[in-house]
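Heads up: the structure comes next, in structure tokens.
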Amino acid sequence: MIPIVLSKVGFAGTNQYAVNSYMQGRQYIFGLQLGATYKLNDNLAVFGGGRMNYVSNSYFGYLRNISANLNGGDMVNLNDESIKNQLLTKKGQYSAAAAQYTTLATAATAAGNTQLAAQYTTAAASATTAANAISSVVAGSTDKELDCDQSGWGLTPIIGVDYKIGKLNLGAKYEFKTNLNIENKTKVNSTGVVAYDHGVNTPNDIPAMLTVGAQYSILPSVRASLGWNHYYDKDAKMANDKQKYLGGGTDEYLAGAEWDITDRVLVSGGFQSTNYELQDKYMSDMSFTTSSYSIGMGAAFKLNKSLKLNVAYFFTNYDKYTKVSKSTAEDANSVGYNGTGLAGTDVFTRTNKVFGLGVDYTF
């Protein structure tokens, strides 16, 4: 972003930047779930219960020594006082030009020359955009650091039903929304993001979820299953009411099969498609997600009558989401790319590969 901005506002040839960055974080939700199942008859059973959720997050990171090859020269630290003065001087020139063009536009309007007035007004807007863009570079190139822990808890009520007839087993579960706030214990926050200030409580609800599934035993040793999950994301509060920028809830479609090769060995495979209703305002460098599909496989090995070893691997292929930011000159309601006032484009995607290893012990 920095080279693009600087090259467009009077620092031609600026096409490189560097930053010393570090980020370490973790997000845990520990759950303790209790419930009871009641068998109404040979085919139908119902479930009721709840889960206690405890959230423990930790973030530590920094951005330091943000540099650029100003005017195509050597890399210089933009936070250096002399470099910052150069940037602010250029900003002052653009601000003065904007004021001058505005005055000329007013005079042209008074003289009845609307065409010339429009030209001066456009020039004033462009100069103002350039001044604001330099301000964003100055603010964005300062060193930033965050050292913050977060914690909170909430209760999730759960109900379910299961129906089995012959080789077919049907089930459904509904988890109610979990009202959850996380409180900051912050040692350092020079990011400018108020949500990370010490003592701030941030909404972090777990959305309600409806799950429906079916399993059919093709053979005594072979089973196939289908499932659908729906998350009511727009009803779950997030920081800064970010949930309002979702078009709707999230849908997941699942399919899988498992095969008991022997009494001691089981293999399985599965597919999942996750579909979000995303909007541009929801997506940012700090937090984003995209629709995806996942393919996984696993195996279970019964080592003895009490001990079973489970292994699994899956990968996720994420869609690309393109977010185009118009300049303030193109759209007066736009703040431009990352608040610079200039046009820009972000393409969001990610990769994910997971290997799992677990042990089941039956008492």
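Residue numbering restarts at 1 in every chain; chains get A, B, ... in the order shown in the structure tokens, and ligands count up from 1 in that same order.
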Stretch 231-288 of chain A residues near stretch 347-361 of chain A within 10 Å, closest pair each, using only C-alpha atoms, as a Markdown table:
```
| residue | atom | partner | partner_atom | distance |
| --- | --- | --- | --- | --- |
| A:Met283 | CA | A:Phe348 | CA | 8.1 |
| A:Ser284 | CA | A:Phe348 | CA | 8.6 |
| A:Asp285 | CA | A:Phe348 | CA | 8.5 |
| A:Phe288 | CA | A:Phe348 | CA | 7.5 |
```
Could you dump the residues just selected with N, CA, C and O atoms as a tab-separated table (two decimals), in the first residue's frame?
```tsv
chain	number	residue	atom	x	y	z
A	283	MET	N	-14.90	-7.66	5.38
A	283	MET	CA	-13.56	-8.14	5.09
A	283	MET	C	-12.51	-7.08	5.40
A	283	MET	O	-12.63	-5.93	4.98
A	284	SER	N	-11.45	-7.47	6.12
A	284	SER	CA	-10.36	-6.54	6.42
A	284	SER	C	-9.07	-7.33	6.59
A	284	SER	O	-9.09	-8.56	6.72
A	285	ASP	N	-7.94	-6.61	6.61
A	285	ASP	CA	-6.66	-7.27	6.82
A	285	ASP	C	-6.58	-7.93	8.19
A	285	ASP	O	-5.86	-8.92	8.37
A	288	PHE	N	-10.80	-11.84	8.31
A	288	PHE	CA	-11.58	-12.16	7.12
A	288	PHE	C	-11.78	-13.66	7.05
A	288	PHE	O	-11.12	-14.45	7.71
```
Residues near stretch 36-48 of chain A, cut-off 6 Å, only C-alpha atoms, skip fewer than 3 positions along chain, as a PyMOL selection string = chain A and resi 158-164
request  = Compare A:Tyr216, A:Tyr282, A:Tyr293, A:Tyr54 by their minimum atom-to-atom distance to A:Lys242, counting only C-alpha atoms, and give me the closest one.
outcome  =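 Using only C-alpha atoms, the shortest distance to A:Lys242 belongs to A:Tyr282.
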note = One residue among A:Val19, A:Ile218, A:Ala127, A:Ile182 is nearest to A:Tyr62 when using only C-alpha atoms, and that residue is A:Val19
ask   = Do you have the atom CA of A:Tyr22-atom CA of A:Glu145 distance handy?
value =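 That distance, rounded to one decimal, is 9.4 Å.
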message = My list of candidates is A:Asn338, A:Thr290, A:Ser56, A:Thr109. Which is closest to A:Arg26 when distances are computed with only C-alpha atoms?
response = A:Ser56
Which stretch 11-117 of chain A residues have any atom within 9 Å of an atom of stretch 128-134 of chain A, and for each, what is the nearest pair of atoms with distance in Å to one decimal, counting only C-alpha atoms, rows sorted by chain and number, as JSON lines?
```
{"residue": "A:Leu87", "atom": "CA", "partner": "A:Ile134", "partner_atom": "CA", "distance": 6.7}
{"residue": "A:Leu88", "atom": "CA", "partner": "A:Ile134", "partner_atom": "CA", "distance": 7.5}
{"residue": "A:Lys90", "atom": "CA", "partner": "A:Ala131", "partner_atom": "CA", "distance": 7.8}
{"residue": "A:Lys91", "atom": "CA", "partner": "A:Ala131", "partner_atom": "CA", "distance": 4.7}
{"residue": "A:Gly92", "atom": "CA", "partner": "A:Ala131", "partner_atom": "CA", "distance": 7.3}
{"residue": "A:Gln93", "atom": "CA", "partner": "A:Ala131", "partner_atom": "CA", "distance": 8.2}
{"residue": "A:Tyr94", "atom": "CA", "partner": "A:Ala131", "partner_atom": "CA", "distance": 5.4}
{"residue": "A:Ser95", "atom": "CA", "partner": "A:Ala131", "partner_atom": "CA", "distance": 6.0}
{"residue": "A:Ala97", "atom": "CA", "partner": "A:Thr128", "partner_atom": "CA", "distance": 8.4}
{"residue": "A:Ala98", "atom": "CA", "partner": "A:Thr128", "partner_atom": "CA", "distance": 5.7}
{"residue": "A:Ala99", "atom": "CA", "partner": "A:Thr128", "partner_atom": "CA", "distance": 8.7}
```
Okay, now the selection with C-alpha atoms, as a PDB file, in the first residue's frame?
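Contents of part_31.pdb, freshly written:
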```
ATOM      1  CA  LEU A  87       5.927  14.047   3.901  1.00  0.00           C
ATOM      2  CA  LEU A  88       4.154  16.698   5.965  1.00  0.00           C
ATOM      3  CA  LYS A  90       4.202  17.766   0.705  1.00  0.00           C
ATOM      4  CA  LYS A  91       0.887  17.371   2.490  1.00  0.00           C
ATOM      5  CA  GLY A  92       0.894  21.104   3.254  1.00  0.00           C
ATOM      6  CA  GLN A  93       1.465  21.867  -0.423  1.00  0.00           C
ATOM      7  CA  TYR A  94      -1.529  19.764  -1.431  1.00  0.00           C
ATOM      8  CA  SER A  95      -3.697  21.316   1.293  1.00  0.00           C
ATOM      9  CA  ALA A  97      -3.479  23.853  -3.480  1.00  0.00           C
ATOM     10  CA  ALA A  98      -6.882  22.484  -2.438  1.00  0.00           C
ATOM     11  CA  ALA A  99      -7.714  25.752  -0.682  1.00  0.00           C
TER      12      ALA A  99
END
```
Contacts of A:Lys84 at 12 Å (only C-alpha atoms; same-chain gap of 4+ positions) as a CSV table (one decimal) with N, CA, C and O atoms, in the first residue's frame:
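Wrote it out as selection10.csv, contents follow:
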```
chain,number,residue,atom,x,y,z
A,66,ILE,N,9.1,0.8,9.6
A,66,ILE,CA,8.5,0.8,8.2
A,66,ILE,C,9.2,1.7,7.3
A,66,ILE,O,9.4,2.9,7.6
A,67,SER,N,9.7,1.2,6.2
A,67,SER,CA,10.6,1.9,5.3
A,67,SER,C,10.1,1.8,3.9
A,67,SER,O,9.4,0.9,3.5
A,70,LEU,N,12.0,6.0,-1.0
A,70,LEU,CA,11.4,7.3,-1.3
A,70,LEU,C,12.0,7.9,-2.6
A,70,LEU,O,13.2,8.0,-2.7
A,76,VAL,N,14.5,4.3,3.4
A,76,VAL,CA,14.5,5.2,4.5
A,76,VAL,C,13.4,4.9,5.4
A,76,VAL,O,12.3,4.5,5.0
A,77,ASN,N,13.6,5.0,6.7
A,77,ASN,CA,12.6,4.8,7.7
A,77,ASN,C,11.6,6.0,7.7
A,77,ASN,O,12.0,7.1,7.9
A,78,LEU,N,10.3,5.7,7.4
A,78,LEU,CA,9.3,6.7,7.3
A,78,LEU,C,9.0,7.4,8.6
A,78,LEU,O,8.3,8.4,8.6
A,79,ASN,N,9.4,6.7,9.7
A,79,ASN,CA,9.1,7.3,11.0
A,79,ASN,C,10.2,8.2,11.4
A,79,ASN,O,10.1,8.8,12.5
A,80,ASP,N,11.3,8.3,10.6
A,80,ASP,CA,12.4,9.2,10.9
A,80,ASP,C,11.8,10.7,10.9
A,80,ASP,O,11.1,11.0,10.0
A,88,LEU,N,5.1,15.7,5.5
A,88,LEU,CA,4.2,16.7,6.0
A,88,LEU,C,4.3,18.0,5.1
A,88,LEU,O,3.3,18.7,4.9
A,89,THR,N,5.5,18.3,4.7
A,89,THR,CA,5.6,19.5,3.8
A,89,THR,C,4.8,19.3,2.5
A,89,THR,O,4.1,20.2,2.0
A,90,LYS,N,4.9,18.1,1.9
A,90,LYS,CA,4.2,17.8,0.7
A,90,LYS,C,2.7,17.8,1.0
A,90,LYS,O,1.9,18.3,0.2
A,91,LYS,N,2.3,17.3,2.1
A,91,LYS,CA,0.9,17.4,2.5
A,91,LYS,C,0.4,18.8,2.6
A,91,LYS,O,-0.7,19.2,2.1
A,134,ILE,N,-1.4,11.2,2.2
A,134,ILE,CA,-0.1,11.4,2.9
A,134,ILE,C,-0.3,11.3,4.4
A,134,ILE,O,0.5,10.7,5.1
A,135,SER,N,-1.4,11.9,4.9
A,135,SER,CA,-1.7,11.7,6.4
A,135,SER,C,-1.8,10.3,6.8
A,135,SER,O,-1.3,9.9,7.8
A,136,SER,N,-2.4,9.5,5.9
A,136,SER,CA,-2.6,8.0,6.3
A,136,SER,C,-1.2,7.3,6.3
A,136,SER,O,-1.0,6.4,7.1
A,137,VAL,N,-0.3,7.7,5.4
A,137,VAL,CA,1.0,7.1,5.4
A,137,VAL,C,1.8,7.5,6.6
A,137,VAL,O,2.4,6.7,7.3
A,138,VAL,N,1.7,8.8,7.0
A,138,VAL,CA,2.4,9.2,8.2
A,138,VAL,C,1.9,8.5,9.5
A,138,VAL,O,2.7,8.0,10.3
A,139,ALA,N,0.6,8.4,9.5
A,139,ALA,CA,0.0,7.7,10.7
A,139,ALA,C,0.3,6.2,10.7
A,139,ALA,O,0.5,5.6,11.7
A,140,GLY,N,0.2,5.6,9.5
A,140,GLY,CA,0.4,4.2,9.3
A,140,GLY,C,1.9,3.7,9.5
A,140,GLY,O,2.1,2.5,9.7
A,141,SER,N,2.8,4.6,9.3
A,141,SER,CA,4.2,4.2,9.4
A,141,SER,C,4.9,4.3,10.7
A,141,SER,O,6.0,4.0,10.9
A,142,THR,N,4.1,4.8,11.7
A,142,THR,CA,4.6,4.8,13.1
A,142,THR,C,4.7,3.4,13.6
A,142,THR,O,3.9,2.5,13.2
```
Quick one: residues within 7 Å of A:Asn71, only C-alpha atoms, excluding same-chain residues fewer than 3 positions away - as a short mmCIF file (atom, residue, chain, number, x, y, z; two decimals) with N, CA, C and O atoms, in the first residue's frame?
```cif
data_model
loop_
_atom_site.label_atom_id
_atom_site.label_comp_id
_atom_site.auth_asym_id
_atom_site.auth_seq_id
_atom_site.Cartn_x
_atom_site.Cartn_y
_atom_site.Cartn_z
N PHE A 11 5.81 11.42 -4.99
CA PHE A 11 7.08 10.74 -4.72
C PHE A 11 7.27 9.64 -5.77
O PHE A 11 7.27 8.45 -5.47
N ALA A 12 7.40 10.06 -7.01
CA ALA A 12 7.51 9.14 -8.13
C ALA A 12 8.72 8.23 -7.97
O ALA A 12 9.76 8.64 -7.45
N GLY A 13 8.57 6.99 -8.43
CA GLY A 13 9.66 6.02 -8.33
C GLY A 13 9.65 5.22 -7.06
O GLY A 13 10.44 4.28 -6.92
N THR A 14 8.78 5.55 -6.12
CA THR A 14 8.67 4.78 -4.88
C THR A 14 7.94 3.48 -5.18
O THR A 14 6.74 3.48 -5.46
#
```
inquiry  = Would you pick out the contacts of A:Gln119 at 12 Å or less, using only C-alpha atoms, so that residues sharing its chain but fewer than 3 positions from it are not included, and give the list as a list in words?
reply    = Tyr101, Thr102, Leu104, Ala105, Thr106, Ala108, Thr109, Asn113, Thr114, Gln115, Leu116, Thr122, Ala123, Ala124, Ala125 and Ser126 of chain A
Expected file: the selected residues, C-alpha atoms, as an mmCIF file, in the first residue's frame:
```
data_model
loop_
_atom_site.group_PDB
_atom_site.id
_atom_site.type_symbol
_atom_site.label_atom_id
_atom_site.label_comp_id
_atom_site.auth_asym_id
_atom_site.auth_seq_id
_atom_site.Cartn_x
_atom_site.Cartn_y
_atom_site.Cartn_z
ATOM 1 C CA TYR A 101 -8.635 25.676 -6.137
ATOM 2 C CA THR A 102 -11.667 26.005 -3.872
ATOM 3 C CA LEU A 104 -10.964 29.794 -7.705
ATOM 4 C CA ALA A 105 -14.028 27.572 -8.006
ATOM 5 C CA THR A 106 -16.041 30.008 -5.891
ATOM 6 C CA ALA A 108 -15.700 31.070 -11.281
ATOM 7 C CA THR A 109 -19.156 30.228 -9.983
ATOM 8 C CA ASN A 113 -18.478 30.099 -15.595
ATOM 9 C CA THR A 114 -19.837 26.762 -14.343
ATOM 10 C CA GLN A 115 -17.558 24.667 -16.549
ATOM 11 C CA LEU A 116 -14.394 26.245 -15.129
ATOM 12 C CA THR A 122 -12.417 18.508 -9.229
ATOM 13 C CA ALA A 123 -8.833 19.753 -8.816
ATOM 14 C CA ALA A 124 -9.566 20.743 -5.202
ATOM 15 C CA ALA A 125 -10.987 17.292 -4.478
ATOM 16 C CA SER A 126 -7.933 15.584 -5.989
#
```
request  = Choose the residue, out of A:Gly166, A:Ala118, A:Ser217, A:Leu146, that has the smallest atom-to-atom separation from A:Val194; count only C-alpha atoms.
outcome  =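 Among A:Gly166, A:Ala118, A:Ser217, A:Leu146, it is A:Leu146 that comes nearest to A:Val194.
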ask   = Suppose you want the space between atom CA of A:Asn189 and atom CA of A:Ala239; what is it in Å?
value =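 A separation of 16.8 Å between them.
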